[in-house]
Structures are given as structure tokens and as C-alpha cells.
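Below is one structure; the comments refer to it alone.
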Amino acid sequence: MDFTPPASPVPNLDVKKRNIERLPLSPVTPELKKFPVAGFNSIHSAKGSSHEDNLPNSSLSHLMTDLNTYNISPVNPPFENSTDTLNLLNEWTYHNIQECMLSSSIDFLQDSRMKFKSNRMLGQGSYCYICEMDTTHLEDHQRQKHFVLKFPHSRRKTRTLLNEGLILTYLHASSDGLGETYIIPFHGITYINKQHFNKLRRNEFIPALILPKLNLNLQQFIKFLKQNYSDDVELKKNIFKKLVNEMLISLNFLKLKHVIHGDIKTANIMVGTLNDTDVFSFDNFNFYLCDFTSSIIDVSSDIKLKLNNKTINPSLSTNLNLDTTLEYCPPEVIERVINKPETNGNETSVFTHDTDLYSFGLCLLSFISGNEPYSELKNFKFHNETSGPNDLYSPNSTNITSSVQHTQWLINSILRNEPIALNIFNCDDTYYTNNWSEELSLVSKILVDRISLEECISFI
């Protein structure tokens, strides 16, 4: 279980308080000047090149080789090889997904002027680094943009990074004509080596996702509002409405495209603007869903129509693993992982579009309460207790410091299936009754009544 939030750019805040207005729709990813991609007609053209030292020094050649070396198949159920996955997504999007994966204008291996803005990392996740890119040598219309590179610590995590890159490529290739989808913009993949980042090993070529630099994530944003605007309920209610509207558009788009995110949490929703400034303003920002590391493309409903000529290997599936953030899991996910039912190789993912909506409901509850799920209950139990009866929620229970015991305590808390009561239990009820009754009603429909995404949209 991964408890580490994804690395996010350090916030740079210069806030002027204003009422939030709905922004017009804008394209997700601007057009970039293309590098020639001759010879990129098939990933098989690189087959047989087993030694990277013999490859041309370009991101194209390394991507082609990695697509052959690794099984890049973030689908459920998984294919035997990358080729079948790519062919299916080509059919679904009417695009050449292989070409779309590669950055159309940025190649660190071909252009010696490409470099990081500084040696200082913006952040570090459980498997990746985040560094800002120097845009000095880009064309005029790109020079003022702020890009970051997300890349794995080593080649051992190449498959994870390319899986995420493939899902982002598929989503953006599928968004034509749909307006803003509030999925994190994606500018393709480039490759880097030790020359660009000295923490990498010698002779390693590592894929990197090119993403926009945004101001902060929702977790940081909630803390900022709590510290600076705790009494401004009107402002926070306006932001809440914007968060609901934009993320429901994003979740609806994911469902339309058969993508299950699998790790929705406040740290995976970015907040900021895509214009040419670092300054954050309340009247000019959006929310963007990011970090598709745990995501899958669910093709199970289309299997008879689409997969007749493709090889499925259920043994490759890891869908019964809890590779997500425990605090945002619904009870049924934990129960299924604990019970590990016999499936004879036909298991389906523990995560669904319904579990994504539940996780988002916890994000909304976190926004209202100002705290991460179960954090106040955890503090109440582990920091304010004295020796006494071992009652799970008693302030007199015995202190538990073991991480294993803490995890079991958290699991027991989630399995009680009382997410609202356990996250605002130590607060003034009149505050929520007087200020957040309508918003908490929506949260209750998501977390307690477990309404569908379509029903949720109908309430907005």
C-alpha cells in the first residue's frame, strides 16, 4: 500500500480574494511543433535491438524498444504484449497511439540544448522524481510555458511510467470535440539519462512524462484555505461548487472512455492555471485530475466485440492488489482484498467507476472539514490518549505505535462504513448545519447512499 502522496510542484501563491467565475472551455493540450517521426510505423521495427548502446540516440528509438521489452498493457483483462494493447487503442481513438505517446517537439536526446531548469527537484514520489524543464530554447509561443518532467527513479519502474503515459495519451487522443475534460494536460514522452539528471545510473535511458507546472494540489489548497480563509464560508462554498462541477466532468469522461483512475485523493487533484504566469488567483484557476499510476482501461464489457483476435493472459493481472491510498478506499474494496476470493483467473478489478466516485466524495468531505480522511480521528486516538480500556475509539485506549497496528486500526475504521461521522466527529455540529448542510447532503448521497455517477450529475 502506498501512503506517499505524488510529488507536486512547490506552491507559489500570491492570492487576491475574488468570487470564482466559470471559465470558458479551452483546449487541453496546445499544438506543438512536430519532430519528424519517420520509421515509426510499427513498434516491431526496433525488434531485435537488445542492447541500448547500439540504438540511435533519440527518444523515438528508446520508446520503440521499451514497447517491445515491457508489456505495456494497463488494461483489464491484460494482453500478452504491448502490440495488442496499442492496436486496440488505435481502433478506439482513430489515432496512431505509438506516435502520440512521443513528444511532438521535445527530445532531450536529440537536442543538446534541452536541460532542467535547476538541479533542485520540485518533488519526489514513491517511485518518481519531478523536475522543472528549462524552456529557454523552445519556440516563442512555448518559451513562457512552465513544464515539469516526471520520471522514475530507475529503469525498474519504466513499465509503470509508460503505463501511465499510455493512459494519458489515450485519454487526450479521445478528447477531440469534447471541450475541457479536466484531465492533467500531457505533452508526450521524452527520454533522459545521467547527463540530464545525475542521480540516474550510467548508461540508463529513462522515459519522462512532460506535464504542465501547476501551482499546487488540492491537499495543499485545503490547508492554505484553512490557514488563511477559515472564516470565509462564501468563498469556500464557491470553490466547492467549482470542484464538484469540474471533477464530475472529469469522472464522466473517464467512464465514457472505460478508464478507472484507482487512486483519487486530494493529492491527485491539481489546482492552478495553464496561462503563462506562476501567480495564483481565485478568479483564474481550474482543477485537474492527475497521477494515473494506478489506473486501468476496463475493456471487460467490450471483450467479445473487440478482443477476438488478441491474446488475454489473466495471470498477468494484479487487480486484487491494493495499490492505492488506504484512507480513500471504500469498505468493499478492503473487504475484497482481505477475502481474496477464488476467481480461477477471471477476477475483475477491485476498483470501478463507483469506487472512483466514492474516493472523490472523500475529497469533498476533506474540503469541508479541512482535514484528510480519518486524520482527526487518528490524532484523537494516537496523540491524546492515556492507558485504559482497549476500546477502539475511546480516548482512554492504549496507545498503538506499530505501523501494522495502525494500518489495522485504519482498516477497522473504514469497515465501520461511517465516513461522515468519523471525519467530523470532533467538530461543532452547528457550524456544518448552518453553513454546509446542502454540500454535506451531496456528500452523504455519494458516501452513504452510494448513488451512481449519473445520479450525482443530475443533482448538480
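Residues are named by chain letter and number: chains run A, B, ... in the order of the C-alpha cells, numbers start at 1 in each chain, and ligands are numbered from 1 in the order shown.
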Practice problem: Pick out the residues sitting within 8 Å of region 200-202 of chain A, and hand them over as number ranges by chain; count only C-alpha atoms, and ignore anything fewer than 3 positions along from it in its own chain. | Solution: A: 153-154, 193-194, 197
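For region 173-309 of chain A, backbone-based DSSP labels the following residues as strand (DSSP E or B): Ile183, Ile189, Thr190, Tyr191, Ile192, Ile206, Pro207, Ala208, Leu209, Ile210, Leu211, Pro212, Leu216, Asn217, Val259, Ile260, Ile269, Met270, Val271, Gly272, Asn286, Phe287, Tyr288, Leu289, Ile296, Ile297 and Asp298 of chain A.
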Separating CA of Glu80 (chain A) from CA of Phe292 (chain A), to the nearest tenth of an Å, is a gap of 21.3 Å
Using only C-alpha atoms, the shortest atom-to-atom distance to Leu256 (chain A) among A:Val279, A:Ile206, A:Val350, A:Ile297 belongs to A:Ile297
TODO: Take CA of Met133 (chain A) and CA of Gly262 (chain A) and report the distance between them in Å, one decimal.
DONE: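 Separation of CA of Met133 (chain A) and CA of Gly262 (chain A): 28.5 Å.
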Show me, as JSON, numbers by chain, the residues that have an atom within 12 Å of Met247 (chain A) when counting only C-alpha atoms, minus same-chain residues fewer than 6 positions from it. {"A": [180, 181, 182, 183, 184, 218, 240, 241, 253, 254, 264, 265, 266, 268, 269, 270, 271, 286, 287, 288, 289, 290, 356, 357, 359, 360, 361, 363, 364, 453, 456, 457, 460]}
Practice task
Report as a count of residues only: the residues of region 193-294 of chain A with a DSSP assignment of alpha helix (DSSP H), based on the backbone of this structure.
Solution key: 35
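Distances to Ile192 (chain A) were evaluated for A:Asp176, A:Asp84, A:Glu234, A:Asp107 using only C-alpha atoms, and the minimum falls at A:Asp107.
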Closest of A:Glu91, A:Asp298, A:Glu139, A:Glu418 to Ser444 (chain A), counting only C-alpha atoms, is A:Glu418
Straight-line distance linking CA of Tyr358 (chain A) with CA of Thr293 (chain A), stated in Å to one decimal:
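Distance reported for this atom pair: 18.6 Å.
By only C-alpha atoms, and with residues fewer than 4 positions from Tyr374 (chain A) along its chain excluded, the set lying at most 8 Å from it is Glu327, Lys378, Leu410, Leu422 and Asn423 of chain A.
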Using only C-alpha atoms, the shortest atom-to-atom distance to Ser369 (chain A) among A:Tyr70, A:Tyr432, A:Tyr328, A:Phe382 belongs to A:Tyr432
